Every structure is written in C-alpha cells, then in structure tokens.
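**Q** Have a look at the structure that comes next, please.
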Amino acid sequence: MPVLNRIAGFSDEMTEWRQHLHQHPELGLECYETAAFVAERLREFGVDEIHEGIAQSGIVALIKGQGDGPVMGLRADMDALPIHEVSGVEHTSTVDGKMHACGHDGHTTMLLGAAKYLAETRNFSGTVALIFQPAEENGGGGEVMVKEGILDRFDIGEVYALHNAPNFIKGGFYTTPGPIMAAVDTFSIYITGVGGHGAMPHECVDPIVAAVSISTAIQTIVSRNHYTLDDLVVSVTQIHAGSSDNIIPEDAFVGGTIRTFDKSVQAMVHKRLAEIVAGQAASYGVTAELDLEVGYPATINDPAKTEFAVSVAQEVAGINAVAPDAGREMGAEDFSYLLEQRPGSYLFIGQGDGPGLHHPAYDFNDEISPVGASFFARLVETAQPPKN
Ligand SMILES: [Zn+2]
Ligand SMILES: [Zn+2]
C-alpha cells in the first residue's frame, strides 16, 4: 500500500500499540488506562503540549510546525463496547464482557502513528491538535469535549476523523459531502390503564390494546407524514407488558428509535409522535407519557473540506480505492458535535473482509494502520505546507 515510508517503517510498533489497546478495553468516559497509554506515547514522541482529563479521560495534544498558521484538529475515539469477545485472536480482550468491537483501538493507533511522524518531521506550518476522545459509543464524549471548550481553547479551525469499515477495500476510503451519518433520538412511551382479571376486560382499561395501536399508528409517520425521497427511520423496537395469561396488566411500555438527517424532519417526527400518543391514549382511555431523548445530531461533512480530504485519500490510497460520494448511512456518530462547530470531514477507511462492527468476532485490521496514519499526516502537510 502506498503509505509514507517513515510511517511504514514503524508499522510493527503501531501493531504493538493497537494489540495492547485491544487487550485492555475501557467503556464510556472512563478510558483512563487507554488515555495514560496514549499520553505516555505522546511524551515519547516529544509533542509540544499534552492536556489530559478533558471529558474525564480525553486528551488534546498539540504539535507545532514551522512558523505560524492555522490549527487542524484530528480526532480519534478510544472507547470499547460491552461485548464478550469471541474473535479467538492471540491479543484477545483481557477484560471479560468488554471488547474493542468497533475498532476504536485502531483509530487511536492511527492517530498516534500520525503524531509520531508529525512530531519527528514537522514538515508543516501552524499547529496540529490531536483529539483523543472517550465515550463515542454512548455518553457523547465528543459533545462533552466541545462543551469543555476545546475548539476555542486550542483555536481549532477544522476537524477530521476516520472510522474503519469492514467489507470495504483494504486501505481504501469512502465518504460523502453533506450529511453522512444520521441523528439519533430515542422515544419511550409509558402507558397506564386499569389492570384486572383477564376474563373481565369490561372492568379494566387494557394498556396492551393501546400499546399495539400506538405502535401501529407510529408507522404512519414514515408512510403518510413524510416526503418519500428524504431519509427517515422510525422503528418501534420494544413493547413490554403483562405477566400472566389471566391478568390484564396495569402498564405497558413502547420504545424505539428515530433516525433523521434534517432538523425539520426531526421536528415533524417529534410533533407527530406527541399527537399520536396523546390521541391514541384518549381514544383508549389510558394515560400515556411520551419521553423523547434527543441524541447525537446528524454528522454533516463540509463539501469543500470533504473534497480536500478525498484528494489526500486519493494520493495515499490511489484514485481507484477512494469512493468520494458513497451516500449516507442511518448509523450515528458523535463527531457530529465537532462538525456542528467547525468545518471538516468524516471518512471511512476499508479494512477488508471479516466480521462487521459490533460483532463479537470483530478485530481491527493492523495492515491499515499505516494507511490511516499517512492520511492524517498528509492532511496536515497538504493543508498547512511549511512556509519557506
Ligand atoms: Zn461503534
Ligand atoms: Zn465506532
């Protein structure tokens, strides 16, 4: 693979870092050991500043180039998932019930690789800010870091991130200008009726009938309230009620997920959900409480920065291994909080065949680490060439 020679030269070291991180997964905002490992490497590389403890266990490190210039932010997520690993690899997780099933061990490694190279060569102007973030899977570490002010504090002007993609060309890239990942909201509906004997429904107010009817009516938001060419998912994913064949229960629960790209579509779904829940509840004589939890916003790539990132990816991976307009996905990503504040781009890097993300047999492919590190390094060197 066409990667920077110097980075290819320490690819074995990157594999060691990655497999060490893989063996020691941590969850949520509590990526303390991971952060300590990252900080130790950054100190070895001789970066200029290391700021620890942001969003609990996050890090922002600065490397200064030759002469003044803008600050580019490069972000890697560090957290793992609550999954029991069955990959069977030698470097399998040493923590029962936790594993790096989304490859954030690889993302951290690729950014460390870029940091080592950039700290050594300094063949750029201005500054690069390395953002190591906890709690991407849930907890919104990206949002916490933004709220703790990293973008203003370090004067970061643009931001980039990479995510690995199983079953896409090994070492290839894909992305898309504009929206690339969806916004995710969660809804919970608590229905209360009047319980009683299963043989005497006339003495009860059955919350199950209301729960099923509400679930069916919710399907009409996508099919009847929404413009068909825009992307929208509203899925009822949970219904819970009852405990026995001869009891009409007192309560029922309906829950699900909403995926949108557009804030006006999101607002429409929230409004229709409230109307459907209230109207259906009234018609069945139950009370129903709707709880809407607004999650990660849509991840929206800046078109110009994406075009630039694509040109760098093409230089690193070859023109045929880069899909510049691959379309959008209904998954979500908290890099969105950084992209809401600063222009930038989010790209996927292919890692070849194998189990998908969040699968218990998944493992990051170490062969792509030098490619990702070269991409990050070339982004900086190309956007901020040295002034002399
Ligand atoms: Zn994930
Ligand atoms: Zn992930």
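Here, A, B, ... name the chains of the structure tokens in the order displayed, residue numbers run from 1 inside each chain, and ligands are numbered from 1 in the same displayed order.
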Throw together the list of residues within 8 Å of ligand 2, counting only C-alpha atoms and all ligand atoms, and drop it here as a list in words.
**A** Asp77, Cys102, Gly103, His104, Glu136, Glu137, His163, Asn164, Glu333 and Leu357 of chain A
**Q** Quick one: residues within 7 Å of range 248-253 of chain A, only C-alpha atoms counted, chain neighbours fewer than 4 positions away excluded, as a PyMOL selection string?
**A** chain A and resi 189-198+206-208+211+239-242
**Q** Using only C-alpha atoms, which protein or nucleic acid residues come within 7 Å of range 169-177 of chain A? Drop anything in the same chain fewer than 6 positions from it, and give the result as a PyMOL selection string.
**A** chain A and resi 301-303+306+313+317+321-328+346-352+368+371
**Q** So which one's closest to ligand 1, A:Val254, A:Ala332, A:Ala8, A:Val144? Using only C-alpha atoms and all ligand atoms, please.
**A**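 Looking only at the distances to ligand 1, the closest residue turns out to be A:Ala332.
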**Q** From the list A:Ser87, A:Thr257, A:Thr382, A:Ser374, which residue is nearest Gly356 in chain A when using only C-alpha atoms?
**A**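 Counting only C-alpha atoms, the residue closest to Gly356 in chain A is A:Ser87.
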**Q** Run DSSP on the backbone and grab whatever in range 104-334 of chain A lands in strand (DSSP E or B); send it over as number ranges by chain.
**A** A: 127-133, 156-165, 173-174, 178-181, 183-192, 194, 196-197, 205, 232-241, 247-248, 251-260, 287-294, 299-301, 322-323, 329
**Q** Which residues are close to Leu27 in chain A, i.e. within 7 Å by only C-alpha atoms, leaving aside same-chain residues fewer than 4 positions away? Reply as a short mmCIF file (atom, residue, chain, number, x, y, z; two decimals) with N, CA, C and O atoms, in the first residue's frame.
**A**
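Just written: selection34.cif:
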data_model
loop_
_atom_site.label_atom_id
_atom_site.label_comp_id
_atom_site.auth_asym_id
_atom_site.auth_seq_id
_atom_site.Cartn_x
_atom_site.Cartn_y
_atom_site.Cartn_z
N CYS A 31 -12.01 6.01 30.08
CA CYS A 31 -10.91 5.40 29.32
C CYS A 31 -9.56 5.81 29.93
O CYS A 31 -8.66 6.27 29.21
N ASP A 79 -12.96 4.47 23.06
CA ASP A 79 -13.76 3.58 23.92
C ASP A 79 -14.14 2.27 23.23
O ASP A 79 -14.19 2.16 22.01
N ALA A 80 -14.43 1.27 24.07
CA ALA A 80 -14.81 -0.08 23.62
C ALA A 80 -16.30 -0.31 23.88
O ALA A 80 -17.04 0.62 24.18
N LEU A 81 -16.72 -1.58 23.75
CA LEU A 81 -18.14 -1.93 23.88
C LEU A 81 -18.34 -3.03 24.93
O LEU A 81 -17.45 -3.86 25.14
N ALA A 135 -15.89 7.74 25.09
CA ALA A 135 -17.36 7.72 25.04
C ALA A 135 -17.98 8.11 23.71
O ALA A 135 -18.87 8.94 23.65
#
